[in-house]
file upload26.txt (compact mmCIF, C-alpha atoms)
# COMPACT_ATOMS: atom_id res chain seq x y z
CA MET A 119 16.37 -8.81 -24.38
CA PRO A 120 12.96 -8.10 -22.91
CA SER A 121 10.29 -7.31 -25.50
CA LYS A 122 8.80 -3.83 -25.59
CA ALA A 123 5.30 -3.35 -24.22
CA SER A 124 2.56 -2.64 -26.75
CA TRP A 125 0.94 0.79 -26.99
CA GLY A 126 -2.30 -0.70 -25.66
CA LEU A 127 -0.59 -1.97 -22.54
CA LYS A 128 1.16 1.38 -22.04
CA LEU A 129 -2.12 3.28 -22.34
CA ALA A 130 -3.86 0.89 -19.94
CA THR A 131 -1.05 1.31 -17.42
CA ALA A 132 -1.19 5.10 -17.74
CA ALA A 133 -4.98 5.01 -17.26
CA VAL A 134 -4.68 2.93 -14.09
CA ILE A 135 -2.00 5.22 -12.66
CA LEU A 136 -4.13 8.28 -13.47
CA PHE A 137 -7.20 6.68 -11.87
CA LEU A 138 -5.28 5.88 -8.68
CA HIS A 139 -3.52 9.23 -8.31
CA PHE A 140 -6.13 11.70 -9.57
CA PRO A 141 -7.94 11.83 -6.18
CA VAL A 142 -4.62 12.53 -4.46
CA ALA A 143 -3.94 15.35 -6.90
CA LEU A 144 -7.38 16.79 -6.14
CA ILE A 145 -6.67 16.80 -2.41
CA ILE A 146 -3.43 18.70 -2.98
CA LEU A 147 -5.19 21.10 -5.36
CA TYR A 148 -8.05 21.89 -2.97
CA SER A 149 -5.69 22.31 -0.02
CA MET A 150 -4.63 25.53 -1.78
CA SER A 151 -8.12 26.64 -2.78
CA GLU A 152 -9.45 29.95 -1.48
CA GLU A 153 -13.01 28.59 -1.23
CA THR A 154 -14.59 27.14 1.90
CA GLY A 155 -17.61 24.90 2.37
CA THR A 156 -18.30 24.26 -1.32
CA PHE A 157 -15.85 23.43 -4.06
CA GLU A 158 -15.77 24.19 -7.74
CA PHE A 159 -13.53 22.59 -10.32
CA PRO A 160 -11.19 24.07 -11.13
CA PRO A 161 -10.79 26.36 -8.11
CA ARG A 162 -11.19 30.03 -8.96
CA SER A 163 -8.36 31.25 -6.71
CA PHE A 164 -5.52 29.81 -4.70
CA THR A 165 -3.90 30.54 -1.35
CA LEU A 166 -1.48 28.99 1.10
CA ARG A 167 -3.17 30.46 4.16
CA TRP A 168 -4.88 27.15 5.01
CA PHE A 169 -1.48 25.65 5.77
CA GLU A 170 -0.93 28.38 8.35
CA VAL A 171 -4.45 27.98 9.74
CA THR A 172 -4.00 24.23 10.04
CA TRP A 173 -0.62 24.50 11.74
CA GLU A 174 -2.01 26.96 14.28
CA ASN A 175 -4.75 24.46 15.17
CA GLU A 176 -3.69 22.92 18.49
CA SER A 177 -5.76 19.76 18.02
CA PHE A 178 -4.06 19.17 14.65
CA ARG A 179 -0.60 19.55 16.17
CA ASN A 180 -1.48 17.17 18.99
CA ALA A 181 -2.81 14.60 16.55
CA LEU A 182 0.27 14.94 14.34
CA LEU A 183 2.59 14.57 17.32
CA LEU A 184 0.73 11.49 18.55
CA SER A 185 0.93 9.88 15.11
CA LEU A 186 4.67 10.58 14.89
CA ARG A 187 5.27 9.18 18.38
CA VAL A 188 3.26 6.03 17.71
CA ALA A 189 4.86 5.46 14.31
CA GLY A 190 8.36 6.06 15.68
CA ILE A 191 8.01 3.68 18.64
CA ALA A 192 6.22 1.02 16.57
CA THR A 193 8.99 1.22 13.96
CA VAL A 194 11.72 0.72 16.59
CA MET A 195 9.83 -2.30 17.96
CA ALA A 196 9.44 -3.66 14.44
CA ILE A 197 13.16 -3.26 13.71
CA VAL A 198 14.16 -5.20 16.83
CA LEU A 199 11.52 -7.93 16.77
CA GLY A 200 11.40 -8.30 12.99
CA THR A 201 15.18 -8.66 12.74
CA LEU A 202 15.31 -11.15 15.62
CA ALA A 203 12.50 -13.22 14.07
CA ALA A 204 14.23 -13.25 10.68
CA ALA A 205 17.56 -14.23 12.25
CA ALA A 206 15.90 -17.00 14.28
CA LEU A 207 14.14 -18.55 11.29
CA TYR A 208 16.97 -18.06 8.80
CA ARG A 209 18.65 -21.43 8.11
CA SER A 210 16.71 -23.00 10.99
CA SER A 211 14.94 -26.30 10.52
CA PHE A 212 12.41 -27.48 13.08
CA PHE A 213 8.91 -28.88 13.26
CA GLY A 214 6.36 -26.09 12.82
CA LYS A 215 8.71 -23.60 11.17
CA ASP A 216 6.22 -22.87 8.39
CA ALA A 217 3.47 -22.33 10.95
CA VAL A 218 5.63 -19.85 12.86
CA SER A 219 6.43 -17.97 9.63
CA LEU A 220 2.71 -17.84 8.82
CA LEU A 221 1.86 -16.48 12.27
CA ILE A 222 4.44 -13.69 11.85
CA ILE A 223 3.10 -12.50 8.50
CA LEU A 224 -0.59 -13.15 9.26
CA PRO A 225 -1.39 -9.74 10.85
CA ILE A 226 -0.68 -7.86 7.62
CA ALA A 227 -2.78 -10.32 5.61
CA LEU A 228 -5.81 -10.14 7.90
CA PRO A 229 -8.35 -7.31 7.52
CA GLY A 230 -7.56 -4.48 9.92
CA ILE A 231 -10.95 -4.79 11.61
CA VAL A 232 -10.22 -8.42 12.52
CA THR A 233 -6.86 -7.50 14.02
CA GLY A 234 -8.43 -4.54 15.83
CA ILE A 235 -11.26 -6.56 17.36
CA ALA A 236 -8.88 -9.32 18.42
CA LEU A 237 -6.49 -6.86 20.08
CA ARG A 238 -9.27 -4.97 21.85
CA SER A 239 -10.80 -8.20 23.15
CA ALA A 240 -7.43 -9.44 24.43
CA MET A 241 -6.64 -6.12 26.09
CA SER A 242 -10.07 -5.91 27.68
CA LEU A 243 -9.84 -9.47 29.02
CA THR A 244 -6.44 -8.74 30.58
CA GLU A 245 -7.74 -5.39 31.91
CA ILE A 246 -5.02 -3.37 30.18
CA ASP A 247 -5.77 0.35 30.14
CA PHE A 248 -5.95 1.79 26.63
CA SER A 249 -3.25 4.38 26.01
CA LEU A 250 -0.41 5.32 23.68
CA TRP A 251 1.19 1.94 24.31
CA THR A 252 -1.84 -0.09 23.30
CA ILE A 253 -1.87 1.80 19.99
CA VAL A 254 1.84 1.08 19.59
CA VAL A 255 1.36 -2.63 20.25
CA GLY A 256 -1.47 -2.73 17.74
CA HIS A 257 0.65 -1.06 15.07
CA ALA A 258 3.69 -3.18 15.85
CA THR A 259 1.77 -6.37 15.02
CA PHE A 260 1.79 -5.51 11.31
CA CYS A 261 4.90 -3.29 11.23
CA ILE A 262 7.01 -6.28 12.28
CA VAL A 263 5.99 -8.04 9.06
CA THR A 264 7.52 -5.41 6.78
CA VAL A 265 10.88 -5.57 8.55
CA TYR A 266 10.78 -9.36 8.79
CA ASN A 267 10.02 -9.84 5.09
CA ASN A 268 12.80 -7.46 3.98
CA VAL A 269 15.43 -8.83 6.34
CA ILE A 270 14.78 -12.53 5.78
CA ALA A 271 14.80 -11.98 2.02
CA ARG A 272 18.21 -10.35 2.33
CA PHE A 273 19.45 -13.16 4.60
CA ARG A 274 18.52 -15.67 1.90
CA ARG A 275 20.63 -13.77 -0.63
CA THR A 276 23.59 -13.51 1.72
CA SER A 277 26.27 -16.18 1.68
CA TYR A 278 26.41 -17.96 5.02
CA SER A 279 30.10 -18.64 4.42
CA GLN A 280 30.86 -15.04 5.46
CA ILE A 281 29.39 -15.70 8.91
CA GLU A 282 31.24 -19.01 9.20
CA ALA A 283 34.52 -17.34 8.17
CA SER A 284 34.04 -14.61 10.78
CA MET A 285 33.44 -17.13 13.55
CA ASP A 286 36.37 -19.29 12.39
CA LEU A 287 38.62 -16.24 12.72
CA GLY A 288 37.62 -15.86 16.36
CA ALA A 289 34.97 -13.14 16.17
CA SER A 290 32.27 -13.23 18.82
CA SER A 291 28.58 -13.46 17.91
CA PHE A 292 28.19 -9.73 18.54
CA GLN A 293 31.22 -8.85 16.40
CA THR A 294 29.97 -11.11 13.61
CA PHE A 295 26.60 -9.41 13.67
CA LEU A 296 28.10 -5.90 13.84
CA TYR A 297 30.76 -6.27 11.15
CA VAL A 298 29.37 -8.98 8.85
CA VAL A 299 25.62 -9.41 9.19
CA LEU A 300 24.54 -5.80 9.77
CA PRO A 301 26.33 -4.32 6.71
CA ASN A 302 24.67 -6.99 4.54
CA ILE A 303 21.14 -6.36 5.81
CA ALA A 304 21.42 -2.60 6.45
CA THR A 305 19.55 -1.39 3.36
CA ALA A 306 16.85 -4.05 3.73
CA LEU A 307 16.48 -3.13 7.39
CA LEU A 308 16.22 0.56 6.57
CA ALA A 309 13.68 -0.06 3.81
CA GLY A 310 11.57 -2.24 6.10
CA ALA A 311 11.68 0.42 8.82
CA MET A 312 10.55 3.14 6.41
CA LEU A 313 7.66 1.02 5.17
CA ALA A 314 6.72 0.23 8.78
CA PHE A 315 6.71 3.93 9.66
CA ALA A 316 4.51 4.76 6.66
CA LEU A 317 2.04 1.97 7.48
CA SER A 318 1.82 3.00 11.11
CA PHE A 319 1.45 6.72 10.43
CA ASP A 320 -1.69 6.40 8.29
CA GLU A 321 -3.30 3.43 10.09
CA ILE A 322 -6.85 4.12 11.24
CA VAL A 323 -8.78 0.84 11.71
CA VAL A 324 -6.52 -0.82 14.28
CA THR A 325 -6.00 2.54 15.98
CA THR A 326 -9.76 2.94 16.44
CA PHE A 327 -9.92 -0.29 18.44
CA THR A 328 -6.74 0.15 20.50
CA SER A 329 -6.83 3.85 21.42
CA ALA A 330 -8.24 5.41 24.56
CA SER A 331 -11.21 7.74 24.41
CA GLY A 332 -9.94 11.18 23.38
CA ASP A 333 -6.70 9.96 21.79
CA GLU A 334 -6.69 11.08 18.15
CA THR A 335 -3.97 10.20 15.71
CA LEU A 336 -3.88 12.35 12.58
CA PRO A 337 -5.94 9.94 10.40
CA ILE A 338 -8.66 9.76 13.08
CA TRP A 339 -8.56 13.56 13.44
CA ILE A 340 -9.12 13.88 9.69
CA LEU A 341 -11.98 11.35 9.79
CA ASN A 342 -13.72 13.29 12.56
CA LYS A 343 -13.36 16.56 10.61
CA LEU A 344 -14.99 15.16 7.46
CA THR A 345 -18.46 15.72 8.92
CA ARG A 346 -17.82 19.49 9.12
CA PRO A 347 -18.03 21.04 5.61
CA ARG A 348 -16.46 24.36 6.65
CA ASP A 349 -13.39 22.49 7.94
CA ARG A 350 -12.70 20.82 4.60
CA PRO A 351 -9.81 23.14 3.60
CA VAL A 352 -8.08 22.32 6.90
CA THR A 353 -8.87 18.63 6.41
CA ASN A 354 -7.32 18.73 2.95
CA VAL A 355 -4.15 20.31 4.32
CA ALA A 356 -3.95 17.63 7.03
CA ALA A 357 -4.37 14.99 4.32
CA VAL A 358 -1.44 16.54 2.45
CA PHE A 359 0.68 16.06 5.59
CA VAL A 360 -0.33 12.38 5.64
CA ILE A 361 0.40 11.98 1.93
CA ALA A 362 3.86 13.54 2.28
CA THR A 363 4.74 11.68 5.47
CA THR A 364 3.80 8.29 4.02
CA THR A 365 4.95 8.77 0.43
CA ILE A 366 8.48 9.97 1.19
CA PRO A 367 9.45 6.90 3.29
CA ILE A 368 7.99 4.57 0.65
CA LEU A 369 9.97 6.27 -2.13
CA LEU A 370 13.13 6.13 -0.02
CA ALA A 371 12.49 2.45 0.74
CA TYR A 372 12.18 1.79 -2.97
CA ARG A 373 15.37 3.75 -3.61
CA PHE A 374 17.34 1.75 -1.03
CA THR A 375 16.10 -1.64 -2.30
CA ALA A 376 16.24 -0.86 -6.04
CA GLY A 377 18.86 -2.89 -7.79
CA THR A 378 19.33 -5.36 -4.93
CA SER A 379 17.07 -8.09 -6.27
CA GLU A 380 19.87 -9.51 -8.35
CA GLU A 381 22.38 -9.60 -5.51

call {"tool": "encode", "arguments": {"input": "upload26.txt", "output": "structure tokens"}}
result
Amino acid sequence: MPSKASWGLKLATAAVILFLHFPVALIILYSMSEETGTFEFPPRSFTLRWFEVTWENESFRNALLLSLRVAGIATVMAIVLGTLAAAALYRSSFFGKDAVSLLIILPIALPGIVTGIALRSAMSLTEIDFSLWTIVVGHATFCIVTVYNNVIARFRRTSYSQIEASMDLGASSFQTFLYVVLPNIATALLAGAMLAFALSFDEIVVTTFTSASGDETLPIWILNKLTRPRDRPVTNVAAVFVIATTTIPILLAYRFTAGTSEE
């Protein structure tokens, strides 16, 4: 049986969690504050009117829509390419396999500014016009990693004998994938996709280097509003949208992968 954690360790853990989440709680609190421009703690009065004001802001809606479009397309690309990469490297043995694996996971390990500069330089050299699709490509470089890591981990816990049995019984490669492989990797694939969506939705550094002038995703819209003190209530509400949109997929991803580590 695992030993129980000491009270000191429990208190330290609680303190770290409080330190990490207290700023988030403040953002949510002040998104409902009646005050504008300056803030007092605790707020003297509360209102939900800033949510209505924010939603009626056309630039906010455009930024939110752009973020959702980019995150959705980047996630689809990550599902396809990440799954194919995992399937290609699973049980394969060839010279340079470790190098290929490293290249796949490298974008998420590198600082965002390095990835952003590299992508912008490559796109400028090839004279690619910056647009929605350049943002998508930039996001897909690190979104692929989340899908790849989840799927290849599930492949390694899946018995290859099931695939062999399917093929021995006359199933085609497509039928084997559809009826044997896909059910085994479905939850890992879904979890990786949700994490990819969350990462893409709140990405700001890579977006800054790969977006066209005038294209604002929601995180960039929030950043630009921070210099305007009277817009802080609206900025806080927009931040709440980001928090909700990124936290929910992460919690769902955890829910779908919980309890599968022992499989």

call {"tool": "residues_near_point", "arguments": {"input": "upload26.txt", "point": "(-3.2, 13.1, 13.4)", "cutoff": "12 Å", "atoms": "all atoms listed in the file", "output": "PyMOL selection string"}}
result
chain A and resi 172-173+175-189+318-322+325+333-343+353+355-360+363

call {"tool": "atom_distance", "arguments": {"input": "upload26.txt", "atom1": "CA of Val194 (chain A)", "atom2": "CA of Ser329 (chain A)"}}
result
19.4 Å

call {"tool": "residues_around", "arguments": {"input": "upload26.txt", "residues": "region 205-218 of chain A", "least_positions_apart": "3", "cutoff": "10 Å", "atoms": "only C-alpha atoms", "output": "PyMOL selection string"}}
result
chain A and resi 199-202+221-224+266+269-271+273-274+278+299

call {"tool": "atom_distance", "arguments": {"input": "upload26.txt", "atom1": "CA of Val324 (chain A)", "atom2": "CA of Ile253 (chain A)"}}
result
7.8 Å

call {"tool": "closest_residue", "arguments": {"input": "upload26.txt", "among": "A:Ala204, A:Ile246, A:Leu317, A:Val298", "to": "Ser277 (chain A)", "atoms": "all atoms listed in the file"}}
result
A:Val298

call {"tool": "atom_distance", "arguments": {"input": "upload26.txt", "atom1": "CA of Ile262 (chain A)", "atom2": "CA of Ile135 (chain A)"}}
result
28.9 Å

call {"tool": "closest_residue", "arguments": {"input": "upload26.txt", "among": "A:Ala192, A:Ala203, A:Ile281, A:Ile231", "to": "Ala314 (chain A)", "atoms": "only C-alpha atoms"}}
result
A:Ala192

call {"tool": "closest_residue", "arguments": {"input": "upload26.txt", "among": "A:Gln280, A:Asn268, A:Asn302, A:Gln293", "to": "Tyr372 (chain A)", "atoms": "only C-alpha atoms"}}
result
A:Asn268

call {"tool": "axis_aligned_box", "arguments": {"input": "upload26.txt", "around": "region 174-189 of chain A", "padding_each_side": "4 Å", "output": "AutoDock Vina command-line options"}}
result
--center_x -0.2 --center_y 16.2 --center_z 16.6 --size_x 19.0 --size_y 29.5 --size_z 12.7

call {"tool": "closest_residue", "arguments": {"input": "upload26.txt", "among": "A:Leu369, A:Val254, A:Val352, A:Ala330", "to": "Arg167 (chain A)", "atoms": "all atoms listed in the file"}}
result
A:Val352

call {"tool": "closest_residue", "arguments": {"input": "upload26.txt", "among": "A:Thr233, A:Thr264, A:Thr252, A:Thr244", "to": "Phe315 (chain A)", "atoms": "only C-alpha atoms"}}
result
A:Thr264

call {"tool": "residues_around", "arguments": {"input": "upload26.txt", "residues": "Pro367 (chain A)", "least_positions_apart": "2", "cutoff": "7 Å", "atoms": "only C-alpha atoms", "output": "PyMOL selection string"}}
result
chain A and resi 312-313+316+364-365+369-371

call {"tool": "closest_residue", "arguments": {"input": "upload26.txt", "among": "A:His139, A:Arg272, A:Arg162, A:His257", "to": "Leu307 (chain A)", "atoms": "all atoms listed in the file"}}
result
A:Arg272

call {"tool": "build_atoms", "arguments": {"input": "upload26.txt", "residues": "region 342-373 of chain A", "atoms": "N, CA and C atoms", "output": "PDB file, in the frame of the given file"}}
result
ATOM      1  N   ASN A 342     -12.745  12.557  11.753  1.00  0.00           N
ATOM      2  CA  ASN A 342     -13.720  13.290  12.560  1.00  0.00           C
ATOM      3  C   ASN A 342     -14.067  14.652  11.952  1.00  0.00           C
ATOM      4  N   LYS A 343     -13.127  15.251  11.220  1.00  0.00           N
ATOM      5  CA  LYS A 343     -13.360  16.560  10.610  1.00  0.00           C
ATOM      6  C   LYS A 343     -14.186  16.479   9.322  1.00  0.00           C
ATOM      7  N   LEU A 344     -14.299  15.292   8.738  1.00  0.00           N
ATOM      8  CA  LEU A 344     -14.990  15.160   7.460  1.00  0.00           C
ATOM      9  C   LEU A 344     -16.472  15.490   7.550  1.00  0.00           C
ATOM     10  N   THR A 345     -17.034  15.417   8.752  1.00  0.00           N
ATOM     11  CA  THR A 345     -18.460  15.720   8.920  1.00  0.00           C
ATOM     12  C   THR A 345     -18.719  17.227   9.042  1.00  0.00           C
ATOM     13  N   ARG A 346     -17.669  18.044   8.990  1.00  0.00           N
ATOM     14  CA  ARG A 346     -17.820  19.490   9.120  1.00  0.00           C
ATOM     15  C   ARG A 346     -17.393  20.150   7.804  1.00  0.00           C
ATOM     16  N   PRO A 347     -18.360  20.509   6.958  1.00  0.00           N
ATOM     17  CA  PRO A 347     -18.030  21.040   5.610  1.00  0.00           C
ATOM     18  C   PRO A 347     -17.108  22.258   5.640  1.00  0.00           C
ATOM     19  N   ARG A 348     -17.270  23.137   6.622  1.00  0.00           N
ATOM     20  CA  ARG A 348     -16.460  24.360   6.650  1.00  0.00           C
ATOM     21  C   ARG A 348     -15.005  24.060   7.048  1.00  0.00           C
ATOM     22  N   ASP A 349     -14.751  22.859   7.574  1.00  0.00           N
ATOM     23  CA  ASP A 349     -13.390  22.490   7.940  1.00  0.00           C
ATOM     24  C   ASP A 349     -12.669  21.734   6.830  1.00  0.00           C
ATOM     25  N   ARG A 350     -13.303  21.618   5.665  1.00  0.00           N
ATOM     26  CA  ARG A 350     -12.700  20.820   4.600  1.00  0.00           C
ATOM     27  C   ARG A 350     -11.353  21.346   4.115  1.00  0.00           C
ATOM     28  N   PRO A 351     -11.152  22.675   4.002  1.00  0.00           N
ATOM     29  CA  PRO A 351      -9.810  23.140   3.600  1.00  0.00           C
ATOM     30  C   PRO A 351      -8.728  22.693   4.587  1.00  0.00           C
ATOM     31  N   VAL A 352      -9.037  22.760   5.883  1.00  0.00           N
ATOM     32  CA  VAL A 352      -8.080  22.320   6.900  1.00  0.00           C
ATOM     33  C   VAL A 352      -7.874  20.817   6.801  1.00  0.00           C
ATOM     34  N   THR A 353      -8.966  20.084   6.561  1.00  0.00           N
ATOM     35  CA  THR A 353      -8.870  18.630   6.410  1.00  0.00           C
ATOM     36  C   THR A 353      -8.000  18.260   5.221  1.00  0.00           C
ATOM     37  N   ASN A 354      -8.145  19.000   4.130  1.00  0.00           N
ATOM     38  CA  ASN A 354      -7.320  18.730   2.950  1.00  0.00           C
ATOM     39  C   ASN A 354      -5.838  18.968   3.237  1.00  0.00           C
ATOM     40  N   VAL A 355      -5.538  20.032   3.967  1.00  0.00           N
ATOM     41  CA  VAL A 355      -4.150  20.310   4.320  1.00  0.00           C
ATOM     42  C   VAL A 355      -3.595  19.193   5.204  1.00  0.00           C
ATOM     43  N   ALA A 356      -4.396  18.734   6.170  1.00  0.00           N
ATOM     44  CA  ALA A 356      -3.950  17.630   7.030  1.00  0.00           C
ATOM     45  C   ALA A 356      -3.705  16.370   6.201  1.00  0.00           C
ATOM     46  N   ALA A 357      -4.565  16.148   5.200  1.00  0.00           N
ATOM     47  CA  ALA A 357      -4.370  14.990   4.320  1.00  0.00           C
ATOM     48  C   ALA A 357      -3.074  15.108   3.530  1.00  0.00           C
ATOM     49  N   VAL A 358      -2.711  16.336   3.142  1.00  0.00           N
ATOM     50  CA  VAL A 358      -1.440  16.540   2.450  1.00  0.00           C
ATOM     51  C   VAL A 358      -0.271  16.151   3.344  1.00  0.00           C
ATOM     52  N   PHE A 359      -0.356  16.478   4.638  1.00  0.00           N
ATOM     53  CA  PHE A 359       0.680  16.060   5.590  1.00  0.00           C
ATOM     54  C   PHE A 359       0.798  14.539   5.615  1.00  0.00           C
ATOM     55  N   VAL A 360      -0.343  13.845   5.629  1.00  0.00           N
ATOM     56  CA  VAL A 360      -0.330  12.380   5.640  1.00  0.00           C
ATOM     57  C   VAL A 360       0.275  11.848   4.345  1.00  0.00           C
ATOM     58  N   ILE A 361      -0.129  12.427   3.223  1.00  0.00           N
ATOM     59  CA  ILE A 361       0.400  11.980   1.930  1.00  0.00           C
ATOM     60  C   ILE A 361       1.922  12.130   1.884  1.00  0.00           C
ATOM     61  N   ALA A 362       2.415  13.287   2.313  1.00  0.00           N
ATOM     62  CA  ALA A 362       3.860  13.540   2.280  1.00  0.00           C
ATOM     63  C   ALA A 362       4.604  12.620   3.242  1.00  0.00           C
ATOM     64  N   THR A 363       4.050  12.452   4.443  1.00  0.00           N
ATOM     65  CA  THR A 363       4.740  11.680   5.470  1.00  0.00           C
ATOM     66  C   THR A 363       4.782  10.195   5.144  1.00  0.00           C
ATOM     67  N   THR A 364       3.805   9.709   4.386  1.00  0.00           N
ATOM     68  CA  THR A 364       3.800   8.290   4.020  1.00  0.00           C
ATOM     69  C   THR A 364       4.477   8.026   2.680  1.00  0.00           C
ATOM     70  N   THR A 365       4.382   8.983   1.754  1.00  0.00           N
ATOM     71  CA  THR A 365       4.950   8.770   0.430  1.00  0.00           C
ATOM     72  C   THR A 365       6.472   8.845   0.442  1.00  0.00           C
ATOM     73  N   ILE A 366       7.019   9.802   1.168  1.00  0.00           N
ATOM     74  CA  ILE A 366       8.480   9.970   1.190  1.00  0.00           C
ATOM     75  C   ILE A 366       9.203   8.726   1.711  1.00  0.00           C
ATOM     76  N   PRO A 367       8.779   8.131   2.855  1.00  0.00           N
ATOM     77  CA  PRO A 367       9.450   6.900   3.290  1.00  0.00           C
ATOM     78  C   PRO A 367       9.328   5.755   2.289  1.00  0.00           C
ATOM     79  N   ILE A 368       8.165   5.644   1.627  1.00  0.00           N
ATOM     80  CA  ILE A 368       7.990   4.570   0.650  1.00  0.00           C
ATOM     81  C   ILE A 368       8.920   4.762  -0.539  1.00  0.00           C
ATOM     82  N   LEU A 369       9.050   5.993  -1.011  1.00  0.00           N
ATOM     83  CA  LEU A 369       9.970   6.270  -2.130  1.00  0.00           C
ATOM     84  C   LEU A 369      11.411   6.005  -1.725  1.00  0.00           C
ATOM     85  N   LEU A 370      11.768   6.385  -0.497  1.00  0.00           N
ATOM     86  CA  LEU A 370      13.130   6.130  -0.020  1.00  0.00           C
ATOM     87  C   LEU A 370      13.378   4.632   0.128  1.00  0.00           C
ATOM     88  N   ALA A 371      12.350   3.907   0.612  1.00  0.00           N
ATOM     89  CA  ALA A 371      12.490   2.450   0.740  1.00  0.00           C
ATOM     90  C   ALA A 371      12.720   1.815  -0.622  1.00  0.00           C
ATOM     91  N   TYR A 372      11.980   2.290  -1.614  1.00  0.00           N
ATOM     92  CA  TYR A 372      12.180   1.790  -2.970  1.00  0.00           C
ATOM     93  C   TYR A 372      13.585   2.118  -3.478  1.00  0.00           C
ATOM     94  N   ARG A 373      14.035   3.327  -3.163  1.00  0.00           N
ATOM     95  CA  ARG A 373      15.370   3.750  -3.610  1.00  0.00           C
ATOM     96  C   ARG A 373      16.450   2.877  -2.985  1.00  0.00           C
TER      97      ARG A 373
END
